[in-house]
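Asks: work-v2.tsv is reproduced below (TSV, C-alpha atoms and all ligand atoms).
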```
chain	number	residue	atom	x	y	z
A	17	MET	CA	64.13	-50.92	-12.14
A	18	SER	CA	63.91	-48.86	-15.35
A	19	LEU	CA	67.07	-47.71	-17.11
A	20	PRO	CA	67.81	-43.96	-17.28
A	21	PRO	CA	66.94	-42.44	-20.67
A	22	ALA	CA	69.81	-42.28	-23.17
A	23	VAL	CA	70.29	-39.09	-25.18
A	24	ARG	CA	72.68	-37.99	-27.90
A	25	LEU	CA	75.37	-35.78	-26.39
A	26	ASP	CA	75.11	-33.13	-29.13
A	27	ARG	CA	71.35	-32.89	-28.69
A	28	LEU	CA	71.63	-32.72	-24.88
A	29	LEU	CA	74.17	-29.90	-24.95
A	30	ALA	CA	72.36	-27.99	-27.69
A	31	ASN	CA	69.14	-28.20	-25.62
A	32	LEU	CA	71.03	-26.90	-22.59
A	33	GLY	CA	72.09	-23.81	-24.55
A	34	TYR	CA	75.78	-24.67	-25.11
A	35	GLY	CA	75.40	-23.82	-28.81
A	36	SER	CA	74.08	-25.33	-32.00
A	37	ARG	CA	74.76	-28.99	-32.65
A	38	ARG	CA	77.54	-27.87	-35.00
A	39	GLU	CA	79.09	-25.80	-32.17
A	40	VAL	CA	78.87	-28.78	-29.85
A	41	HIS	CA	80.71	-30.87	-32.45
A	42	ALA	CA	83.44	-28.19	-32.42
A	43	LEU	CA	83.66	-28.45	-28.61
A	44	VAL	CA	84.13	-32.20	-28.95
A	45	ARG	CA	86.92	-31.67	-31.50
A	46	GLU	CA	88.60	-29.26	-29.06
A	47	ARG	CA	88.43	-32.02	-26.39
A	48	ALA	CA	86.44	-29.62	-24.18
A	49	ILE	CA	83.91	-32.24	-23.06
A	50	PHE	CA	84.65	-35.00	-20.58
A	51	LEU	CA	82.41	-37.86	-19.49
A	52	ASP	CA	83.42	-39.94	-16.48
A	53	GLY	CA	86.92	-38.48	-16.70
A	54	GLN	CA	87.44	-39.34	-20.43
A	55	ALA	CA	87.44	-36.82	-23.27
A	56	VAL	CA	84.39	-37.39	-25.47
A	57	THR	CA	85.38	-38.03	-29.09
A	58	ASP	CA	81.97	-38.75	-30.66
A	59	ALA	CA	79.46	-35.89	-30.43
A	60	GLY	CA	76.68	-38.27	-31.47
A	61	ALA	CA	77.37	-40.75	-28.66
A	62	ARG	CA	74.31	-41.70	-26.63
A	63	ILE	CA	74.82	-41.15	-22.94
A	64	ALA	CA	72.71	-42.33	-20.03
A	65	LEU	CA	70.97	-39.37	-18.45
A	66	THR	CA	71.50	-40.33	-14.82
A	67	ALA	CA	70.51	-37.96	-12.00
A	68	ASP	CA	74.20	-37.35	-11.27
A	69	ILE	CA	75.04	-36.27	-14.84
A	70	PRO	CA	76.41	-32.85	-13.68
A	71	GLU	CA	78.99	-34.79	-11.64
A	72	ARG	CA	79.92	-37.00	-14.62
A	73	LEU	CA	79.90	-34.62	-17.57
A	74	THR	CA	81.98	-31.45	-17.82
A	75	VAL	CA	82.11	-28.76	-20.49
A	76	ARG	CA	85.29	-26.68	-20.55
A	77	GLY	CA	86.11	-28.02	-17.09
A	78	ALA	CA	82.79	-27.02	-15.46
A	79	PRO	CA	79.96	-29.39	-14.50
A	80	VAL	CA	77.25	-29.53	-17.14
A	81	ASP	CA	74.06	-27.59	-16.29
A	82	PRO	CA	71.28	-29.69	-14.77
A	83	PRO	CA	69.08	-31.10	-17.55
A	84	ALA	CA	65.28	-30.88	-17.71
A	85	PRO	CA	63.08	-31.30	-15.75
A	86	LEU	CA	64.44	-28.52	-13.58
A	87	VAL	CA	62.86	-26.42	-10.84
A	88	LEU	CA	64.77	-23.42	-9.50
A	89	MET	CA	63.98	-21.21	-6.58
A	90	MET	CA	65.05	-17.61	-6.72
A	91	HIS	CA	64.99	-14.85	-4.14
A	92	LYS	CA	63.46	-12.28	-6.44
A	93	PRO	CA	64.84	-8.82	-5.73
A	94	ALA	CA	62.77	-5.66	-6.17
A	95	GLY	CA	62.96	-3.93	-9.54
A	96	VAL	CA	63.00	-6.94	-11.86
A	97	VAL	CA	60.06	-8.29	-13.84
A	98	CYS	CA	58.88	-11.87	-14.37
A	99	SER	CA	57.88	-11.55	-18.02
A	100	HIS	CA	59.99	-11.31	-21.15
A	101	LYS	CA	57.36	-8.93	-22.56
A	102	GLU	CA	57.46	-6.28	-19.84
A	103	PRO	CA	60.07	-3.55	-20.21
A	104	GLY	CA	63.02	-3.60	-17.84
A	105	ARG	CA	65.42	-6.17	-16.43
A	106	SER	CA	63.88	-9.60	-16.03
A	107	VAL	CA	64.50	-12.42	-13.57
A	108	TYR	CA	65.85	-14.46	-16.50
A	109	GLU	CA	68.75	-12.02	-16.72
A	110	LEU	CA	69.83	-13.13	-13.24
A	111	LEU	CA	70.49	-16.62	-14.64
A	112	PRO	CA	73.53	-17.54	-16.79
A	113	PRO	CA	72.94	-16.22	-20.36
A	114	ARG	CA	73.14	-19.75	-21.76
A	115	TRP	CA	70.03	-20.68	-19.75
A	116	ARG	CA	67.92	-18.40	-21.93
A	117	SER	CA	68.54	-20.75	-24.88
A	118	ARG	CA	67.43	-23.93	-23.12
A	119	THR	CA	64.84	-26.24	-24.69
A	120	PRO	CA	62.36	-26.71	-23.09
A	121	ALA	CA	62.43	-23.07	-22.03
A	122	LEU	CA	62.36	-21.94	-18.41
A	123	SER	CA	59.30	-19.98	-17.19
A	124	THR	CA	58.33	-18.50	-13.89
A	125	VAL	CA	55.65	-20.36	-11.94
A	126	GLY	CA	53.15	-17.52	-11.73
A	127	ARG	CA	54.46	-13.99	-11.42
A	128	LEU	CA	55.51	-11.50	-8.80
A	129	ASP	CA	55.13	-7.78	-9.49
A	130	ARG	CA	58.22	-5.73	-10.26
A	131	ASP	CA	58.36	-4.42	-6.69
A	132	THR	CA	57.47	-7.67	-4.92
A	133	THR	CA	60.39	-9.59	-3.43
A	134	GLY	CA	60.82	-13.18	-2.26
A	135	LEU	CA	60.30	-16.77	-3.27
A	136	LEU	CA	59.90	-17.31	-7.01
A	137	LEU	CA	59.93	-20.68	-8.75
A	138	ILE	CA	61.25	-21.08	-12.27
A	139	THR	CA	60.83	-24.31	-14.20
A	140	ASP	CA	60.95	-26.03	-17.57
A	141	ASP	CA	58.49	-28.67	-16.37
A	142	GLY	CA	55.06	-27.73	-17.73
A	143	SER	CA	53.09	-30.25	-15.71
A	144	PHE	CA	54.77	-29.16	-12.45
A	145	LEU	CA	54.03	-25.51	-13.30
A	146	HIS	CA	50.37	-26.22	-13.91
A	147	ARG	CA	50.02	-28.24	-10.74
A	148	VAL	CA	51.42	-25.37	-8.63
A	149	ILE	CA	49.36	-22.61	-10.19
A	150	SER	CA	46.14	-24.58	-10.69
A	151	PRO	CA	43.37	-23.26	-8.44
A	152	ARG	CA	42.41	-26.92	-7.94
A	153	THR	CA	45.75	-27.71	-6.29
A	154	HIS	CA	45.34	-24.91	-3.74
A	155	ALA	CA	49.12	-24.66	-3.17
A	156	PRO	CA	49.12	-21.86	-0.57
A	157	LYS	CA	51.36	-18.86	-1.15
A	158	ARG	CA	52.31	-16.76	1.88
A	159	TYR	CA	53.06	-13.04	1.68
A	160	THR	CA	54.08	-10.38	4.18
A	161	ALA	CA	52.59	-7.01	3.34
A	162	SER	CA	53.71	-3.69	4.84
A	163	LEU	CA	50.86	-1.25	4.69
A	164	GLN	CA	50.55	2.49	4.44
A	165	TRP	CA	47.90	2.72	7.19
A	166	PRO	CA	47.22	0.66	10.33
A	167	LEU	CA	44.93	-2.34	9.86
A	168	ARG	CA	41.29	-1.66	10.76
A	169	GLY	CA	40.72	-4.99	12.50
A	170	ASP	CA	38.09	-6.49	10.20
A	171	GLU	CA	40.41	-7.51	7.35
A	172	ALA	CA	40.91	-11.11	8.54
A	173	ASP	CA	37.12	-11.69	8.53
A	174	ILE	CA	36.64	-10.02	5.17
A	175	PHE	CA	39.40	-12.10	3.54
A	176	ALA	CA	38.33	-15.37	5.21
A	177	ARG	CA	34.69	-15.16	4.13
A	178	GLY	CA	35.33	-16.12	0.53
A	179	ASP	CA	32.93	-13.52	-0.88
A	180	LEU	CA	35.27	-10.61	-1.57
A	181	LEU	CA	34.77	-9.33	-5.11
A	182	LEU	CA	37.70	-7.41	-6.52
A	183	GLU	CA	37.02	-4.42	-8.73
A	184	GLY	CA	36.32	-5.46	-12.31
A	185	GLU	CA	35.89	-9.17	-11.46
A	186	GLU	CA	32.80	-11.35	-11.45
A	187	ARG	CA	34.00	-14.27	-9.34
A	188	PRO	CA	34.63	-13.74	-5.62
A	189	LEU	CA	38.00	-14.60	-4.16
A	190	ALA	CA	38.55	-17.89	-2.39
A	191	PRO	CA	38.99	-17.56	1.39
A	192	ALA	CA	42.41	-16.24	2.43
A	193	TYR	CA	44.07	-16.32	5.85
A	194	LEU	CA	45.37	-13.14	7.46
A	195	GLU	CA	47.66	-12.86	10.49
A	196	VAL	CA	48.37	-9.44	11.93
A	197	LEU	CA	52.08	-9.11	12.80
A	198	GLU	CA	52.19	-5.39	13.61
A	199	PRO	CA	49.67	-2.56	13.26
A	200	ARG	CA	50.84	-1.99	9.68
A	201	VAL	CA	52.26	-5.42	8.83
A	202	ALA	CA	50.25	-8.53	7.99
A	203	ARG	CA	50.87	-11.98	6.66
A	204	LEU	CA	48.41	-13.22	4.07
A	205	THR	CA	48.09	-16.78	2.75
A	206	LEU	CA	46.32	-17.24	-0.58
A	207	THR	CA	45.49	-20.20	-2.76
A	208	GLU	CA	44.92	-18.17	-5.91
A	209	GLY	CA	47.19	-15.99	-8.01
A	210	ARG	CA	45.04	-13.28	-9.53
A	211	TYR	CA	46.56	-10.17	-11.02
A	212	HIS	CA	48.01	-7.91	-8.26
A	213	GLN	CA	45.86	-9.92	-5.87
A	214	VAL	CA	47.38	-8.92	-2.51
A	215	ARG	CA	47.58	-5.23	-3.44
A	216	ARG	CA	43.98	-5.26	-4.68
A	217	MET	CA	42.72	-7.09	-1.58
A	218	PHE	CA	44.16	-4.48	0.75
A	219	SER	CA	43.01	-1.73	-1.53
A	220	ALA	CA	39.46	-3.17	-1.19
A	221	THR	CA	39.77	-2.49	2.56
A	222	GLY	CA	40.92	1.11	2.00
A	223	ASN	CA	44.62	0.42	2.59
A	224	ARG	CA	47.70	0.39	0.36
A	225	VAL	CA	50.54	-2.13	0.20
A	226	VAL	CA	53.91	-0.36	0.31
A	227	GLU	CA	56.11	-3.47	0.45
A	228	LEU	CA	55.29	-7.05	-0.45
A	229	HIS	CA	57.39	-10.16	0.11
A	230	ARG	CA	56.56	-13.84	-0.50
A	231	ASP	CA	58.28	-16.23	1.86
A	232	ARG	CA	56.51	-19.56	1.33
A	233	ILE	CA	54.86	-21.69	-1.36
A	234	GLY	CA	53.17	-24.87	-0.10
A	235	SER	CA	55.53	-26.02	2.65
A	236	LEU	CA	58.64	-24.63	0.99
A	237	ASP	CA	60.16	-21.63	2.77
A	238	LEU	CA	62.51	-19.13	1.19
A	239	PRO	CA	65.82	-20.15	2.81
A	240	PRO	CA	67.27	-17.35	4.96
A	241	ASP	CA	70.68	-17.84	3.32
A	242	LEU	CA	69.38	-17.23	-0.23
A	243	ALA	CA	70.23	-13.56	-0.78
A	244	PRO	CA	68.13	-11.28	-3.02
A	245	GLY	CA	69.02	-12.12	-6.64
A	246	ALA	CA	70.41	-15.57	-5.72
A	247	TRP	CA	68.89	-18.82	-6.98
A	248	ARG	CA	69.49	-22.57	-6.89
A	249	ALA	CA	67.96	-25.81	-8.12
A	250	LEU	CA	65.47	-27.53	-5.83
A	251	ASN	CA	66.19	-31.01	-4.59
A	252	PRO	CA	63.41	-33.66	-4.84
A	253	ASP	CA	62.30	-33.13	-1.20
A	254	GLU	CA	61.93	-29.40	-1.74
A	255	ARG	CA	59.96	-30.04	-4.92
A	256	GLU	CA	57.60	-32.26	-3.02
A	257	ALA	CA	57.24	-29.69	-0.22
A	258	ILE	CA	55.67	-27.27	-2.68
A	259	LEU	CA	52.68	-29.50	-3.27
A	260	ALA	CA	52.51	-31.05	0.22
A	261	GLU	CA	50.01	-29.14	2.29
A	262	ASP	CA	50.12	-31.28	5.41
A	263	LYS	CA	53.05	-29.33	6.91
A	264	CYS	CA	51.42	-25.91	6.38
A	265	GLU	CA	50.75	-23.93	9.54
A	266	SER	CA	47.85	-22.02	8.08
A	267	PRO	CA	44.50	-23.78	8.07
A	268	ARG	CA	43.56	-25.50	4.85
A	269	LEU	CA	42.03	-22.81	2.70
A	270	ALA	CA	39.13	-23.10	0.29
B	1	LIG	N1	49.89	-10.12	-5.16
B	1	LIG	C1	50.30	-8.92	-5.61
B	1	LIG	O1	49.58	-7.94	-5.52
B	1	LIG	N2	51.53	-8.84	-6.14
B	1	LIG	C2	52.38	-9.87	-6.25
B	1	LIG	O2	53.50	-9.71	-6.73
B	1	LIG	C3	51.94	-11.11	-5.78
B	1	LIG	C4	50.67	-11.22	-5.24
```
For the structure just supplied, provide its representation as structure tokens.
Ligand code: URA
Replies:
Amino acid sequence: MSLPPAVRLDRLLANLGYGSRREVHALVRERAIFLDGQAVTDAGARIALTADIPERLTVRGAPVDPPAPLVLMMHKPAGVVCSHKEPGRSVYELLPPRWRSRTPALSTVGRLDRDTTGLLLITDDGSFLHRVISPRTHAPKRYTASLQWPLRGDEADIFARGDLLLEGEERPLAPAYLEVLEPRVARLTLTEGRYHQVRRMFSATGNRVVELHRDRIGSLDLPPDLAPGAWRALNPDEREAILAEDKCESPRLA
């Protein structure tokens, strides 16, 4: 069995956004940091980074933030953006301010439009991010779209064929799976994440998406008790569910 990695306390806390290394040294002098119930007196001490570190290490009486690699799920509310560059309030502002100074930085796994709600993953784990968004992984993403006009009836065939060309693109979309829930409400499962993809797909059939919500990625469902704006870290089983396709109800796509 391999030993957990050991890290310097000042480096760990600086990387988690608790301040510069100098500020972490000041916290140690104030006796604000406890490890296994004992005040830490050496900011340069190497500590074993065990999975239960938030239960062992406290800063000003609160459990330390979970270290990298971290995957969060958020119930994205409407009206916030997924990019630092877009104007307006971002999903990062729904996290504790300290989390914006973490190294490695947190990024959203793909993006949802400002008005799209639902399951959003946020991670500092680059290889996990690439595996989820890679077209080769085919991690299915499931959306519920409310439409301006009733469905025509041929949308499921059009989307499943795998030859739909969106305006301005040269490569057709991979097959997608549509379930009609109500005359103006449909569930769509995609394996790609092209720009405004769901809205543009319905627009290609002469319709318009008025509300869009993502409720599943891979086999991970948005938990019903996660309110809009709320977030939490994923446990290892939930992380695995994202890339496990065997439990998906929709047929394997593409
Ligand atoms: N497709 C869209 O059109 N918008 C989203 O936010 C996600 C998928």
Asks: Which polymer residues, protein or nucleic acid, are no farther than 10 Å from (61.1, -12.1, -5.5), counting only C-alpha atoms, as JSON, numbers by chain?
Replies: {"A": [89, 90, 91, 92, 93, 94, 95, 96, 97, 98, 107, 127, 128, 129, 130, 131, 132, 133, 134, 135, 136, 137, 228, 229, 230, 231, 238, 244, 245, 246]}
Asks: Using the selection just defined, write its residues with C-alpha atoms as a CSV table (one decimal), in the frame of the given file.
Replies:
```csv
chain,number,residue,atom,x,y,z
A,89,MET,CA,64.0,-21.2,-6.6
A,90,MET,CA,65.0,-17.6,-6.7
A,91,HIS,CA,65.0,-14.8,-4.1
A,92,LYS,CA,63.5,-12.3,-6.4
A,93,PRO,CA,64.8,-8.8,-5.7
A,94,ALA,CA,62.8,-5.7,-6.2
A,95,GLY,CA,63.0,-3.9,-9.5
A,96,VAL,CA,63.0,-6.9,-11.9
A,97,VAL,CA,60.1,-8.3,-13.8
A,98,CYS,CA,58.9,-11.9,-14.4
A,107,VAL,CA,64.5,-12.4,-13.6
A,127,ARG,CA,54.5,-14.0,-11.4
A,128,LEU,CA,55.5,-11.5,-8.8
A,129,ASP,CA,55.1,-7.8,-9.5
A,130,ARG,CA,58.2,-5.7,-10.3
A,131,ASP,CA,58.4,-4.4,-6.7
A,132,THR,CA,57.5,-7.7,-4.9
A,133,THR,CA,60.4,-9.6,-3.4
A,134,GLY,CA,60.8,-13.2,-2.3
A,135,LEU,CA,60.3,-16.8,-3.3
A,136,LEU,CA,59.9,-17.3,-7.0
A,137,LEU,CA,59.9,-20.7,-8.8
A,228,LEU,CA,55.3,-7.0,-0.4
A,229,HIS,CA,57.4,-10.2,0.1
A,230,ARG,CA,56.6,-13.8,-0.5
A,231,ASP,CA,58.3,-16.2,1.9
A,238,LEU,CA,62.5,-19.1,1.2
A,244,PRO,CA,68.1,-11.3,-3.0
A,245,GLY,CA,69.0,-12.1,-6.6
A,246,ALA,CA,70.4,-15.6,-5.7
```
Asks: Work out how far atom CA of Leu73 of chain A is from atom CA of Gly53 of chain A, in Å to one decimal.
Replies: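 Straight-line distance from atom CA of Gly53 of chain A to atom CA of Leu73 of chain A works out to 8.1 Å.
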Asks: Identify, on the basis of all atoms listed in the file, every residue whose closest approach to segment 164-174 of chain A does not exceed 12 Å; exclude the query and any residue fewer than 2 positions from it along the same chain; express the result as a PyMOL selection string.
Replies: chain A and resi 161-162+176-181+188-205+215+217-228
Asks: Taking (39.2, -24.7, -6.1) as a centre in this file's frame and 10 Å as the limit, can you find every polymer residue with an atom that close, using only C-alpha atoms, and give them as a PyMOL selection string?
Replies: chain A and resi 150-154+190+207-208+269-270
Asks: Can I get the selection written as an mmCIF file, in the coordinates of the input, with C-alpha atoms?
Replies:
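Wrote it out as result_3.cif, contents follow:
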```cif
data_model
loop_
_atom_site.group_PDB
_atom_site.id
_atom_site.type_symbol
_atom_site.label_atom_id
_atom_site.label_comp_id
_atom_site.auth_asym_id
_atom_site.auth_seq_id
_atom_site.Cartn_x
_atom_site.Cartn_y
_atom_site.Cartn_z
ATOM 1 C CA SER A 150 46.140 -24.580 -10.690
ATOM 2 C CA PRO A 151 43.370 -23.260 -8.440
ATOM 3 C CA ARG A 152 42.410 -26.920 -7.940
ATOM 4 C CA THR A 153 45.750 -27.710 -6.290
ATOM 5 C CA HIS A 154 45.340 -24.910 -3.740
ATOM 6 C CA ALA A 190 38.550 -17.890 -2.390
ATOM 7 C CA THR A 207 45.490 -20.200 -2.760
ATOM 8 C CA GLU A 208 44.920 -18.170 -5.910
ATOM 9 C CA LEU A 269 42.030 -22.810 2.700
ATOM 10 C CA ALA A 270 39.130 -23.100 0.290
#
```
Asks: When distances are computed from all atoms listed in the file, which of A:Gly126, A:Pro239, A:Pro70, A:Gly184 shows the smallest separation from ligand LIG 1 (chain B)?
Replies: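 Checking each candidate against ligand LIG 1 (chain B), we get A:Gly126 as the closest.
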Asks: Of the residues A:Arg255, A:Arg248, A:Arg24, A:Arg187, which is the one nearest to Leu145 of chain A, using only C-alpha atoms?
Replies: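 Smallest distance to Leu145 of chain A is found for A:Arg255.
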Asks: Counting all atoms listed in the file, which of A:Glu183, A:Trp247, A:Ile233, A:Leu51 gets nearest to Arg216 of chain A?
Replies: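 Selected residue with least distance to Arg216 of chain A: A:Glu183.
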Asks: Kindly list the centre and edge lengths in Å, rounded to one decimal, for the axis-aligned box that covers all listed atoms of ligand LIG 1 (chain B) plus 3 Å on each of its six sides, as JSON.
Replies:
```
{"center_x": 51.5, "center_y": -9.6, "center_z": -5.9, "size_x": 9.9, "size_y": 9.3, "size_z": 7.6}
```
Asks: Which one is closest to ligand LIG 1 (chain B): A:Asn251, A:Ser36, A:Ser235, A:Gln213? Count only C-alpha atoms and all ligand atoms.
Replies: A:Gln213
Asks: Pick out the closest residue to Ser143 of chain A from this set: A:Asn31, A:Leu242, A:Val214, A:Leu86. Count only C-alpha atoms.
Replies: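 Result for the nearest residue to Ser143 of chain A: A:Leu86.
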Asks: Between A:Pro252, A:Gly209, A:Pro113, A:Pro240, which is the closest to ligand LIG 1 (chain B) once you count only C-alpha atoms and all ligand atoms?
Replies: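 Using only C-alpha atoms and all ligand atoms, the shortest distance to ligand LIG 1 (chain B) belongs to A:Gly209.
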Asks: So the first atom is atom CA of Pro20 of chain A and the second is atom CA of Leu111 of chain A; what is the distance between them in Å, to one decimal place?
Replies: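 Atom CA of Leu111 of chain A lies 27.6 Å from atom CA of Pro20 of chain A.
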Asks: List the neighbours of Gly60 of chain A out to 12 Å using all atoms listed in the file; skip same-chain residues closer than 6 positions along the sequence, and give me the result as an MDAnalysis selection string.
Replies: chainID A and resid 22:30 37:38 40:41 44
Asks: Quote the spacing between atom CA of Arg118 of chain A and atom CA of Gly33 of chain A in Å to one decimal place.
Replies: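 Separation between atom CA of Arg118 of chain A and atom CA of Gly33 of chain A: 4.9 Å.
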Asks: Excluding Leu32 of chain A and residues on its chain fewer than 2 positions from it, collect all residues at most 9 Å away from it, counting only C-alpha atoms, and give them as a VMD selection string.
Replies: chain A and resid 27 to 30 34 to 35 80 to 84 114 to 115 117 to 120
